Amino acid sequence: MVHRVAVIGAGPSGLSSVKACLDEGMLPTCFESSDDLGGLWRFKEVSEPNRASIYRSLTINTSKEMICFSDFPIPADYPNYMHHSKILRYLKMYAEHFHLLQHVRFQTSVKTIRERPDFSRSGQWEVVTEGGGGQEEKHVFDAVICCSGHYTYPNLPLKDFPGIETFAGRYLHSWDYKGPEDMCGKRVVVIGIGNSGSDIAVESSRVAQQVYMSTRRGAWVIRQVSDNGLPVDMKYNTRFVHILFQLLPTNVMNWLGEKKVNAMYDHTMYALKPKHRLFSQIPVINDDLPFRMLSGSVILKPNVKEIRGSSVLFDDGSTVEDVDAIVFATGYNYAFPYMPSSAVYRSGHRVGLYKHVFPPDLEHPTLAVVGFIHALGAIMPQAEIQARWVARVFKGHKKLPSNQVMMKAVDKDTKDMENSYVVSKLAPLHVDFVSYMDEVAGEVGARPSLLWLFFTDYQLFKRILWGPVTAYQYRLVGPGKWAGARGAIFTQFDRMFKPLKTRELEVEKASVSSRLMKLSLIAVAGAVGIYYVHVRHPAAMTTLLSKLRPQTA
């Protein structure tokens, strides 16, 4: 029976794992190498080795209602797209509210985890940690949850850029970028068109002499501000849209989505259009990039072919001279250096995990990875539902299939991802947000039933079908049910609108004349319809009136 659990990392995944263990009556100990919680969202002026890093101005591209934990809504007065400092504050509020801090050991890094000699019988792990003073300590835990994330090890492929050693200016990875100050008045080349590369190109272009952005295959770019000013994820990340994906061919959904995206700005005209379809890869989310391109402050270029001193040559034969800085927004490698090789099952480009959580070939299911997932949606709800499942498995309430079944499932997932998405060594994971959340919630016993709600709570059914798939939906039923979940769903748009209501507006009341005008228009439209039917089908009105007359004996 699992009782003592080691949790590695005190970011969102680690905190939700600590809470899930406590909810199931276990005793977690969370090891955090820094002096504070927050993981990725803990900004540092200087990037620290083996830790995630963010830039000073970073604002999240997922709205607050979609990013929050399922039983702790983000304060209503927080902006919908939050600066990293507010996300960190929210995480601290979460930790304080659920009394998680007493279970975190700061300035303690995990060096190794390995199976104990009696692992076949006990399933226990030996965890070696190192404190701030360099002293090592050995611990024994019944289970381990790894929450160290996958934005820790920058990928800097200098060998793919011949001549980089001759570059006279400064080059850096986006992991080291903190702000545009060093770009003032300079000519900058940003390599990579992901979310980080786009943000850095846009921000640098406000102070740089000129910014060039190099991309190998282009990208689909969507806006955070959608129809009627709503956050795009609250508008389109709904169960109804998800059902359409299940019913309609993928090509049809791609066509509809691309048509919508191109209506905002034609990707062919902007030279952004990629080779892949819209839903084959997570799109870039950036409202400012098209305008910066339209104003000429960001110029899109193809792949870099060669670097010669201060000149950068591109695949199309063009050259940019007098380049002062190159920013490599080339993604991240991922690794679990503390994990034993016996726990790492390889499947294609990726570390194979059953449902992206459990190593499939261990004798006992006492090791799990939480937060190692990639979808068009926030990591917090995904990590939280994973943690809840892990805690249920550790506690013995849920059983995993056999090793053979799990390995087959992992390999099938790998093939499915390769067939459905653009995957690579750097981006080996891609899941559909709603499908994955529902799948893991089904393992927990917390997946909402639309059919049941249709007959028992129609008002809630409508909000779950048509509204955004917020994490509150996974607290309506099952283990961990939260009494406030229904209310949170009914008020989620109120919290979205709250920070926008910064001044009172007079609500225009409909005047008598406008009401009369509307009634007149309705009457005219009705008369036109009757006249049209009478002219085209003279007998129709007579037949209808005869059916309406009361029948006499």
# chains A, B, ... in the order shown; residues from 1 in each chain; ligands from 1
>>> select_by_dssp(residues="segment 357-525 of chain A", states="alpha helix (DSSP H)", output="number ranges by chain")
A: 379-395, 403-420, 433-444, 450-456, 458-466, 485-490, 492-497, 512-525
>>> closest_atom_pairs(of="segment 308-369 of chain A", to="segment 407-419 of chain A", cutoff="9 Å", atoms="only C-alpha atoms", output="JSON lines")
{"residue": "A:Tyr345", "atom": "CA", "partner": "A:Met407", "partner_atom": "CA", "distance": 8.6}
{"residue": "A:Ser347", "atom": "CA", "partner": "A:Asp411", "partner_atom": "CA", "distance": 6.1}
{"residue": "A:Gly348", "atom": "CA", "partner": "A:Thr414", "partner_atom": "CA", "distance": 6.6}
{"residue": "A:His349", "atom": "CA", "partner": "A:Thr414", "partner_atom": "CA", "distance": 8.4}
{"residue": "A:Arg350", "atom": "CA", "partner": "A:Thr414", "partner_atom": "CA", "distance": 8.1}
{"residue": "A:Gly352", "atom": "CA", "partner": "A:Val410", "partner_atom": "CA", "distance": 5.9}
{"residue": "A:Leu353", "atom": "CA", "partner": "A:Val410", "partner_atom": "CA", "distance": 6.3}
{"residue": "A:Tyr354", "atom": "CA", "partner": "A:Val410", "partner_atom": "CA", "distance": 5.5}
{"residue": "A:Lys355", "atom": "CA", "partner": "A:Val410", "partner_atom": "CA", "distance": 7.2}
{"residue": "A:His356", "atom": "CA", "partner": "A:Val410", "partner_atom": "CA", "distance": 8.2}
{"residue": "A:Pro359", "atom": "CA", "partner": "A:Met407", "partner_atom": "CA", "distance": 8.7}
{"residue": "A:Pro360", "atom": "CA", "partner": "A:Met407", "partner_atom": "CA", "distance": 5.5}
{"residue": "A:Asp361", "atom": "CA", "partner": "A:Met407", "partner_atom": "CA", "distance": 7.2}
>>> residues_around(residues="segment 196-206 of chain A", least_positions_apart="6", cutoff="8 Å", atoms="only C-alpha atoms", output="list in words")
Ser174, Gly179, Pro180, Met183, Cys184, Val190, Tyr212, Met213, Val284, Asn286, Asp288, Leu289, Arg292, Ser297, Val298, Phe328 and Ala329 of chain A
>>> closest_residue(among="A:Gly296, A:Trp220, A:Leu22, A:Ile522", to="His267 of chain A", atoms="only C-alpha atoms")
A:Trp220
>>> closest_residue(among="A:Phe245, A:Val434, A:Pro157, A:Ser34", to="Glu130 of chain A", atoms="only C-alpha atoms")
A:Ser34
>>> closest_atom_pairs(of="segment 235-333 of chain A", to="segment 63-79 of chain A", cutoff="12 Å", atoms="only C-alpha atoms", output="CSV")
residue,atom,partner,partner_atom,distance
A:Lys235,CA,A:Ser63,CA,10.7
A:Tyr236,CA,A:Met66,CA,11.6
A:Asn237,CA,A:Met66,CA,9.1
A:Thr238,CA,A:Met66,CA,10.9
A:Ile285,CA,A:Ser63,CA,11.9
>>> select_by_dssp(residues="segment 1-243 of chain A", states="strand (DSSP E)", output="VMD selection string")
chain A and resid 4 to 8 27 to 31 104 to 105 108 to 115 125 to 131 136 to 141 143 to 146 153 to 154 170 to 173 187 to 191 210 to 214 221 to 222
>>> residues_around(residues="Ile379 of chain A", least_positions_apart="3", cutoff="12 Å", atoms="only C-alpha atoms", output="PyMOL selection string")
chain A and resi 11-14+16+40+60-62+66-69+147+149-150+370-376+382-387+431+433+436-437+471
>>> closest_residue(among="A:Lys518, A:Arg495, A:His430, A:His3", to="Gly25 of chain A", atoms="only C-alpha atoms")
A:His3
>>> closest_residue(among="A:Pro274, A:Pro283, A:Pro340, A:Pro49", to="Leu367 of chain A", atoms="only C-alpha atoms")
A:Pro340
>>> atom_distance(atom1="atom CA of Val144 of chain A", atom2="atom CA of Met26 of chain A")
12.1 Å
